[in-house]
Every structure is written in structure tokens, then in C-alpha cells.
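A.B. asks: Sharing a structure with you now.
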Amino acid sequence: MRTIIYLIIFLQVQGIAQVNVSGKVVGEKSEALIGANIYIKGSYDGTITDTEGKFAFDSALTGEQTIVVSYLGYQEYEQTANINTLKNLSIKLKGSTNTLNAVEITASTFKAGDNSKIAVLKPLDIVTTAGSVGDVMAAMRTLPGAQQNADDGRLFVRGGDARETLIFIDGLKVFSPYTRTVQGTPARGRYSPFLFKGVSFSTGGYSSEFGNALSGTLDLSTIDEPRDTETNISLMTVGVGLGHTKKWDRTSISFSGAYYNLTPYYWLVPSRLNWRTPYTGFGGETVFRHKTNSDGLLKIYLAADSGNIDLNRLNLDTREDDEIGINNKNIYANASYRQFINKSTSIYAGISAGKNDDQMDFNNDAIENDLNGIHSKVAFKTILSEPFILNYGAEHIIEVNQLHTLGDSGEFNNELTTRTTAAFLESDYFFDQSFAIKPGLRYEYLNLSREHVFMPRLTIAKKVSKKGQISLAYGHFSQTINPGFLHYDQNIASERAIHYLANYNYKTDKHILRIEAFYKDYQKLISFDGSLFEPENVSNNGFGEAYGLDFFWRATRLIKNTDFWISYSWLNSTRDYLNYPEAARPAFAAEHNFSAVSKIWIDKLQSQLGLTYSFASGRPYENPNTPGFQNERSGYFHNVSASWSYLISQQKILFVSVSNLPGFNNEFGYRYANNPDTMGMYASELIRPSEDQFFFVGFFMTISSDKTKNQLDTL
């Protein structure tokens, strides 16, 4: 729902080119380096070298700028000067074994950002992907390993449920990353992609630095420094917004706020839900950044939002409407500091805090569920020698879950505090420019179960050609169980998973190809008898497995001004957990997922057109009216989304998007009554999206001293 902040990034792109930056890049033997990455630091201006090692591109930037040159197997090169002098440069790169330009030793990770060697997405790709409407989570679902699950909106990775993938901002945990919603209406990520310079999405085998996640991690890196002082104004079909950024020499501060009300939208576009009051809410963000005289960087981020939903929903047992009201308030704060303490060691220290309050009214019952959390962390990176890098640190996480219910059946109160203390150690060792390993170990202590958990992890990477490499990874992972079950038995151990991964990467200046096979062995999953609301005999006797194959291919500039990628995932997943009577495919795990994303820039129209097609095979669901378990399948899911970005004038943009353009009749199975009727049958209702299509129109304006800003052909 926070579309204003998500789409405001369209107002951040640079203007009409005024300066030509050019030169040639060679290696240590003066050989031309083909496909070297060239860009202006802190911007999206850049290109790659041609077959002669030459490059040239236009930029609207002025004054002193830093040009960055990177190439596989060589040290990164930087030169700072007035941009008008960056012409006919002669750049010689030095070989290296310990930079990001050497063999990549992070398996199963998709990265976006200037500092990523194997970068499959740019930050702007997140907001320009048709159908994402600026939602980071929606853009991640176009990558292999992620399930479509359009009725939910959260990230489900390789047969794991949404709890198994954690979200971080600058390496610090986000305790409640999704907006609150109801069945049939997907949740959205709370935070704006405009804030982030890079994204690291791992679908398995991730670093020892991260824990308490069985399936994956999404780490969002915030922007270190904005480029200009500016004001942003947004008018949309779902609300309004205002933002302002003030930049000084070494300090900057940004404010933004937005108000949303979907009532006018649903006057025009009917919904299947029986709304009393559609979603209304507001949110605001503040970001403070300061570079110290010792080249340290302090970043402080604060976000708060509140939202309300009121609707009636048919009760399949009583055949009368239930009155449902949801009020959500969320606050998240994040502070971090990074600095080199000597020539070989850097320190990172950070803390995040979150407070999420959910209040739900269900007929005559009131339910309050509050989550408060604090994550503190310190990490070091030491270069012991050129081929040997050591990463180590410690962290402490406290979470307090409070549950209060009041209704016809009486009053219930419960509070549960979990504490996790962890330490991690891992190293990157480069035998040469083509072969490297990353061994790691993570230790965790869990206060409730009094567990000491040791988790070894290992990644091996080998270049097999100039543009291709293979990687193998293995690791142990753990996660505390859902706090709802800890109310019944606080001594239950954490859930476990073992990952096995093998992948192949091939990258040229126009292509990225990635193929990965994986296997996950689930152990000690939560298991119980009885119903979800009255569990009995809660234990760690559950188990499961997930295995499959992921495929990703991206092609840029094969056709002028055109970019596209496709991703496919095949998944086989079974579990015997919760109150399952037998091992079965879980309801959130489709066997096949496919996405195709395309974008084209049309010069004459000063417009970018986007088109995204998503597909998922049917998911299992339990039909109590037929024998067996998880014995039914929902229909296939299809969605074609389109978007149009039009530059009206230098600082005014019109953005239009529509989801499910052909109007596919998607459905997500059935929900059933809790009790059978007099004939022994359970009443049912088809689960459909709240609306078949979602239309969005927005007008965005920037007020800035840079009058050429918002030239969309850089997208």
C-alpha cells in the first residue's frame, strides 16, 4: 500500500546528457579489457568497454565526480576529478585476488548494486518491473527460488514458509517487514526501494553472519549519501505524498510522508471483499547520514506507519457475516556506524529496534498481539594478507511477544521473551584468481531451550572459463519455532535444516546465465496433535525435504533499448510437521514457477514500457469432503502486468500500471467450514483475489536545483 514511497524513485534519475566521459581500459600487459564496468560513483551513469577496451557515455552530472572501473580478476580503479576533464582517459588495471572482481564465492545469492560482481538486478529494476508497483518483495518474486503465492505477498523460498526467510536492513533484522492484510489480499513490504543502493537476496547457503532463518535472507543496503537537495510531490489514485532531502557537505537528512485511502478507488473498481472501510493509513520516514572526519559513516533510519481495515466476511458455519477489524501500528529504527580502524581492519556496529502492535476485532472478541524486538551487532573485517580475508563478529537479539484476548470465553494474557546470543567467524581464501573457498562457523545460544547450536558452513568456487564459474555450498541452519507454540512448551528446541547447493554462472556484457541445483534436509520441525488453535503434544518430531532446480537468464541490449530476463524454478517439497497426518507437499509450495520480465525505452515518446508475465502451477490444499490429505490442487496462476512511465517535462512524470492485463480468472483453492452440516459435508467457498486487476495512476514532480533531473531514458 505504500506506493508513494516505492514509486518516488522515478523522480531520482538523472537528466539530459551534457558531458561526454571517454577513455580506454587495459590490463597489466596493456591488453584491451573487453566488458569492463565503468560508472560514476553514486549514480547510474556508466557503460562497459568495447572490443578495443574503449568506452564513452554521456552524463548530466557537474563538478567533481569519481569514475569507477571494475573488471573480473583486477583491482577496482577510482579517479576523482572535475567531470569535464574525464575525457580520453588511459586506465591500466592491476591484477588482484582479494577483491569482488575475483572469483565470486557466495553461492545461491542474487545481488543488485554497484559493488556486486555477479549483479543480476540494478536497484532501479525493482521499481521498473511491471507488476511490482515499487514493492521490493514483488520484484524478488521474479527471481528463481521464490514462489509466486500472489494471494499472500510474502517471500516463500524453496519449499520454506514465509517465516523461514528473514529481512535485514544494513545487516540488522527487521522484525515486522510486511503490511497487515486479510486473506485474498497480498501483503507488501513496508520499506521504500528508494532508500536502498543494493539488494542481496540469498535462497540458501548464506553467510555465517546471518542466522535464525531456515531458507533464505534478504539484506537491503541503504544509500550512503544522496546526490542533491530536492523536494518530491506525488499525487496518486490511492493517496498523496511529500518528501524533502537536504544535503550538506558531509551530512544529509531526508523526510517523507504519505497518506493512503482506497475508498475512492473502490468506488470505481469493484472488490470481491465486503468492505466496511477499505485500507486507510499513513506513514513517514526519516533518514540521517553523516560522514566523520575519519571517514566513518553514521546512518540513522526511522520509519513509522499505521493502517486500518474493516470488512464483513461470510462465516461458513453460521452463514452470517463475521465483523473483522484490523488496526496495525509499526515503528522501526535502525542505526549503524562503519569505519576502518587501521589499514587492514574495518568495524561495523549497529542496532535495530522494532515495535509492531496488531489489534484485531472479531465480532465480540478483541485480540491484541504485540511484538517488540532489539538486535545489536558488531562485526569486523580483516585483510590478513592479499588472498586471505577474515570476517567475524557477534550479535544479540531480544524479542518480546505479548498476546491479550478478551471475549465471550473470557480473558487471556501471555508474554514470552526469547533471547539469542550468537557469534560468527568465516574467511575468504583465494588460492589464485580462479579458485577460492569460504569456510565459516556460526554459534548460537537460545535462552528458552538452553541450546548451544554450532552451524558449520562452506562455499567453494572455481572459475572454469573466462566468463564462467561453478560453486558448491554446504551449511547447517537453525530457527526458533513460532512463538505461538512456545506458549505451550518453552523448552522446545529450534528447527533445523541442512543445505546442499551446486551452481553454474556464466556472464558476458550482454548475458547472465545461472543454473543451480539444491537439496534441503529439514529436521526437528514443530509437530503436534489436535488443531492449530488447541495443539497437544507439541514436539520437534517433524521432518521434511525440498529439492529442485533453478534457472535464470538475463539479456541486455540484444535489441536496442530493450532488457529482459526469465526465471524458472522446479521444486519438489514434502513435510510431516504441524498436525499433518502424513508427509505431504505443503500448501505454499507450487512445483513450477516461471517469470518473464521485459522493458523497452522509446526515445520518441520519452517513455519506458514494461511487461511481466508470471506463472505458477497449482498448489495443494486440504478438502475435508474427500478422502486423503492435501488431496486437491488449485488452478494454474497466470498474470500479465504492464506499466508505462512518461516524462511530461524535465521534472514531471506520469506513471500508469495495470496488473493481470488479460483478466485471467485466478483462484487459490477453497476455504471450508470448521464443522460438517447435517449431511456430513463441510461448506466451502472459492478463494479468489480481492479484485482481478489493479490499476494505478500517479503523477510525480521534483523540485530541485538540477533542472534536468528525471530523464527516464536512463532507466
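Numbering starts fresh at 1 for the residues of each chain in the C-alpha cells, the chains themselves are lettered A, B, ... in the order given, and ligands are numbered from 1 as they appear.
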Just asking: which residues within stretch 212-292 of chain A are alpha helix (DSSP H) according to DSSP, as JSON, numbers by chain?
C.D. replies: {"A": [263, 264, 265, 266, 267, 268]}
A.B. asks: Could you dump the residues just selected with C-alpha atoms as a PDB file, in the first residue's frame?
C.D. replies:
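To be explicit, this is the file written out as out_9.pdb:
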ATOM      1  CA  THR A 263     -12.179   4.123  -0.571  1.00  0.00           C
ATOM      2  CA  PRO A 264     -12.295   6.344  -3.714  1.00  0.00           C
ATOM      3  CA  TYR A 265     -10.509   3.620  -5.690  1.00  0.00           C
ATOM      4  CA  TYR A 266     -13.122   1.009  -4.780  1.00  0.00           C
ATOM      5  CA  TRP A 267     -15.893   3.407  -5.804  1.00  0.00           C
ATOM      6  CA  LEU A 268     -14.549   2.995  -9.339  1.00  0.00           C
TER       7      LEU A 268
END
A.B. asks: Enumerate the residues of stretch 488-609 of chain A with a DSSP assignment of strand (DSSP E or B), computed from the backbone, and present them as a PyMOL selection string.
C.D. replies: chain A and resi 495-507+511-530+535-556+562-576+578+584+592-602+607-609
A.B. asks: Store the residues picked out above, limited to C-alpha atoms, as a short mmCIF file (atom, residue, chain, number, x, y, z; two decimals), in the first residue's frame.
C.D. replies:
data_model
loop_
_atom_site.label_atom_id
_atom_site.label_comp_id
_atom_site.auth_asym_id
_atom_site.auth_seq_id
_atom_site.Cartn_x
_atom_site.Cartn_y
_atom_site.Cartn_z
CA GLU A 495 14.10 -26.23 13.97
CA ARG A 496 16.99 -27.25 11.70
CA ALA A 497 17.88 -27.50 8.01
CA ILE A 498 20.95 -28.65 6.08
CA HIS A 499 21.59 -27.09 2.64
CA TYR A 500 23.44 -28.66 -0.29
CA LEU A 501 23.95 -26.46 -3.38
CA ALA A 502 25.69 -26.62 -6.75
CA ASN A 503 25.51 -23.87 -9.36
CA TYR A 504 26.99 -22.61 -12.60
CA ASN A 505 27.28 -18.92 -13.52
CA TYR A 506 28.11 -17.50 -16.94
CA LYS A 507 28.33 -13.75 -17.51
CA HIS A 511 24.10 -12.11 -20.85
CA ILE A 512 23.82 -13.55 -17.36
CA LEU A 513 23.09 -17.27 -17.05
CA ARG A 514 22.69 -19.11 -13.75
CA ILE A 515 21.69 -22.73 -13.15
CA GLU A 516 21.52 -24.14 -9.63
CA ALA A 517 20.53 -27.48 -8.10
CA PHE A 518 19.68 -27.67 -4.40
CA TYR A 519 18.66 -30.07 -1.65
CA LYS A 520 17.38 -29.14 1.83
CA ASP A 521 17.06 -31.64 4.67
CA TYR A 522 14.60 -30.40 7.31
CA GLN A 523 14.96 -31.72 10.86
CA LYS A 524 13.29 -31.09 14.23
CA LEU A 525 10.29 -29.30 12.70
CA ILE A 526 7.42 -28.42 15.01
CA SER A 527 4.79 -31.16 15.33
CA PHE A 528 1.61 -31.51 17.40
CA ASP A 529 -1.73 -33.28 17.73
CA GLY A 530 -5.14 -31.63 17.68
CA PRO A 535 -2.44 -28.02 19.95
CA GLU A 536 -1.49 -31.02 22.09
CA ASN A 537 1.77 -32.95 22.50
CA VAL A 538 3.86 -30.19 20.90
CA SER A 539 7.30 -31.55 19.96
CA ASN A 540 10.22 -31.43 17.49
CA ASN A 541 9.29 -34.69 15.74
CA GLY A 542 8.57 -33.09 12.35
CA PHE A 543 10.79 -33.55 9.30
CA GLY A 544 10.86 -32.84 5.58
CA GLU A 545 12.89 -32.24 2.45
CA ALA A 546 12.96 -29.91 -0.53
CA TYR A 547 14.96 -30.30 -3.72
CA GLY A 548 14.85 -28.83 -7.19
CA LEU A 549 16.46 -26.78 -9.93
CA ASP A 550 16.58 -23.01 -10.55
CA PHE A 551 17.28 -21.30 -13.87
CA PHE A 552 17.91 -17.60 -14.60
CA TRP A 553 18.83 -15.85 -17.85
CA ARG A 554 19.06 -12.13 -18.45
CA ALA A 555 19.86 -10.43 -21.74
CA THR A 556 20.55 -6.71 -22.14
CA THR A 562 15.46 -3.46 -24.62
CA ASP A 563 16.13 -5.51 -21.49
CA PHE A 564 14.56 -8.79 -20.37
CA TRP A 565 15.07 -11.75 -18.07
CA ILE A 566 13.41 -15.10 -17.48
CA SER A 567 13.49 -17.31 -14.40
CA TYR A 568 12.18 -20.79 -13.74
CA SER A 569 12.09 -22.97 -10.62
CA TRP A 570 11.21 -26.63 -10.29
CA LEU A 571 10.51 -27.71 -6.71
CA ASN A 572 9.66 -30.99 -5.03
CA SER A 573 8.89 -30.50 -1.34
CA THR A 574 7.32 -32.74 1.30
CA ARG A 575 6.89 -32.29 5.03
CA ASP A 576 5.48 -34.14 8.00
CA LEU A 578 2.40 -29.29 12.38
CA ALA A 584 2.79 -34.21 2.07
CA HIS A 592 6.63 -24.92 -11.09
CA ASN A 593 7.22 -21.14 -11.02
CA PHE A 594 8.10 -19.01 -14.05
CA SER A 595 8.62 -15.29 -14.68
CA ALA A 596 9.46 -13.29 -17.81
CA VAL A 597 10.25 -9.59 -17.43
CA SER A 598 10.81 -7.17 -20.32
CA LYS A 599 11.40 -3.42 -20.61
CA ILE A 600 11.79 -1.15 -23.60
CA TRP A 601 12.71 2.53 -23.82
CA ILE A 602 11.08 4.51 -26.66
CA SER A 607 8.67 6.63 -22.29
CA GLN A 608 9.54 3.27 -20.83
CA LEU A 609 7.15 0.35 -21.29
#
A.B. asks: Skip A:Ala353 itself and residues of its chain fewer than 2 positions away, then list as a JSON list (two decimals) with N, CA and C atoms, in the first residue's frame all residues within 9 Å of it, counting only C-alpha atoms.
C.D. replies:
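What landed in selection-v1.json:
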[["chain", "number", "residue", "atom", "x", "y", "z"],
["A", 173, "LYS", "N", 18.21, -6.92, 11.68],
["A", 173, "LYS", "CA", 16.92, -7.58, 11.49],
["A", 173, "LYS", "C", 15.76, -6.59, 11.46],
["A", 174, "VAL", "N", 14.83, -6.84, 10.54],
["A", 174, "VAL", "CA", 13.55, -6.15, 10.51],
["A", 174, "VAL", "C", 12.53, -7.10, 11.13],
["A", 175, "PHE", "N", 11.88, -6.68, 12.19],
["A", 175, "PHE", "CA", 11.05, -7.60, 12.97],
["A", 175, "PHE", "C", 9.66, -7.81, 12.37],
["A", 331, "ILE", "N", 6.62, 0.63, 14.24],
["A", 331, "ILE", "CA", 7.75, 1.56, 14.32],
["A", 331, "ILE", "C", 9.03, 0.74, 14.16],
["A", 332, "TYR", "N", 9.94, 1.24, 13.34],
["A", 332, "TYR", "CA", 11.23, 0.57, 13.16],
["A", 332, "TYR", "C", 12.34, 1.61, 13.14],
["A", 333, "ALA", "N", 13.40, 1.36, 13.88],
["A", 333, "ALA", "CA", 14.56, 2.26, 13.92],
["A", 333, "ALA", "C", 15.82, 1.44, 13.69],
["A", 334, "ASN", "N", 16.77, 2.07, 13.01],
["A", 334, "ASN", "CA", 17.99, 1.37, 12.62],
["A", 334, "ASN", "C", 19.14, 2.38, 12.64],
["A", 351, "ILE", "N", 22.51, -1.27, 15.56],
["A", 351, "ILE", "CA", 21.42, -1.70, 16.42],
["A", 351, "ILE", "C", 20.10, -1.36, 15.72],
["A", 355, "LYS", "N", 8.82, -2.20, 16.92],
["A", 355, "LYS", "CA", 7.62, -2.35, 17.74],
["A", 355, "LYS", "C", 6.43, -2.47, 16.81],
["A", 372, "ASN", "N", 7.86, -6.76, 20.21],
["A", 372, "ASN", "CA", 8.93, -5.79, 20.43],
["A", 372, "ASN", "C", 10.27, -6.51, 20.29],
["A", 373, "GLY", "N", 11.19, -5.89, 19.57],
["A", 373, "GLY", "CA", 12.46, -6.55, 19.35],
["A", 373, "GLY", "C", 13.63, -5.59, 19.29],
["A", 374, "ILE", "N", 14.81, -6.09, 19.68],
["A", 374, "ILE", "CA", 16.06, -5.33, 19.60],
["A", 374, "ILE", "C", 17.14, -6.25, 19.05],
["A", 375, "HIS", "N", 17.90, -5.77, 18.09],
["A", 375, "HIS", "CA", 19.01, -6.52, 17.50],
["A", 375, "HIS", "C", 20.26, -5.65, 17.56],
["A", 376, "SER", "N", 21.26, -6.08, 18.30],
["A", 376, "SER", "CA", 22.54, -5.37, 18.36],
["A", 376, "SER", "C", 23.62, -6.25, 17.76]]
A.B. asks: List the spatial neighbours of stretch 425-432 of chain A as a ChimeraX atom specification - criterion: any atom at most 8 Å away, only C-alpha atoms, same-chain residues fewer than 3 positions off excluded.
C.D. replies: /A:97-98,105,208-209,387-393,435-442
A.B. asks: Can those selected residues be exported to a file as a PDB file, in the first residue's frame so that it contains C-alpha atoms?
C.D. replies:
ATOM      1  CA  THR A  97      42.905 -11.985  -5.872  1.00  0.00           C
ATOM      2  CA  ASN A  98      41.036 -10.487  -2.945  1.00  0.00           C
ATOM      3  CA  ILE A 105      32.392 -17.186  -3.528  1.00  0.00           C
ATOM      4  CA  SER A 208      27.605 -17.313   8.730  1.00  0.00           C
ATOM      5  CA  GLU A 209      26.916 -13.690   9.603  1.00  0.00           C
ATOM      6  CA  PRO A 387      44.449 -13.650  -0.583  1.00  0.00           C
ATOM      7  CA  PHE A 388      43.091 -14.082   2.983  1.00  0.00           C
ATOM      8  CA  ILE A 389      40.146 -12.106   4.381  1.00  0.00           C
ATOM      9  CA  LEU A 390      38.616 -12.761   7.805  1.00  0.00           C
ATOM     10  CA  ASN A 391      35.057 -11.792   8.819  1.00  0.00           C
ATOM     11  CA  TYR A 392      33.975 -12.180  12.438  1.00  0.00           C
ATOM     12  CA  GLY A 393      31.589 -10.707  14.966  1.00  0.00           C
ATOM     13  CA  PHE A 435      39.809 -20.746  -7.095  1.00  0.00           C
ATOM     14  CA  ALA A 436      38.558 -19.709  -3.656  1.00  0.00           C
ATOM     15  CA  ILE A 437      36.863 -21.108  -0.566  1.00  0.00           C
ATOM     16  CA  LYS A 438      34.749 -19.596   2.219  1.00  0.00           C
ATOM     17  CA  PRO A 439      34.636 -21.764   5.367  1.00  0.00           C
ATOM     18  CA  GLY A 440      32.517 -20.465   8.219  1.00  0.00           C
ATOM     19  CA  LEU A 441      31.097 -21.311  11.627  1.00  0.00           C
ATOM     20  CA  ARG A 442      28.143 -19.821  13.475  1.00  0.00           C
TER      21      ARG A 442
END
A.B. asks: Find the residues around A:Arg313 up to 8 Å (only C-alpha atoms counted), leave out those fewer than 6 positions away in its own chain, and share them as a list in words.
C.D. replies: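 Surrounding residues, per the criterion: Leu273, Asn274, Asp321, Asp322, Glu323 and Ile324 of chain A.
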A.B. asks: Within 6 Å of A:Thr66, counting only C-alpha atoms, which residues show up once you throw out same-chain ones fewer than 5 positions away? Write them as a list in words, please.
C.D. replies: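 The contact residues come out as Ile40, Lys41, Gln79 and Thr80 of chain A.
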A.B. asks: If we count only C-alpha atoms and set the cut-off at 10 Å, which residues sit around A:Asn84, ignoring sequence neighbours fewer than 5 positions away in its own chain? Please answer as an MDAnalysis selection string.
C.D. replies: chainID A and resid 18:21 61:65
A.B. asks: A:Leu298, A:Ile383, A:Ile367, A:Val136: which is nearest A:Ser336, counting only C-alpha atoms?
C.D. replies: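 Using only C-alpha atoms, the shortest distance to A:Ser336 belongs to A:Leu298.
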A.B. asks: Mind pulling up the distance from atom CA of A:Gly698 to atom CA of A:Met236?
C.D. replies: 4.2 Å
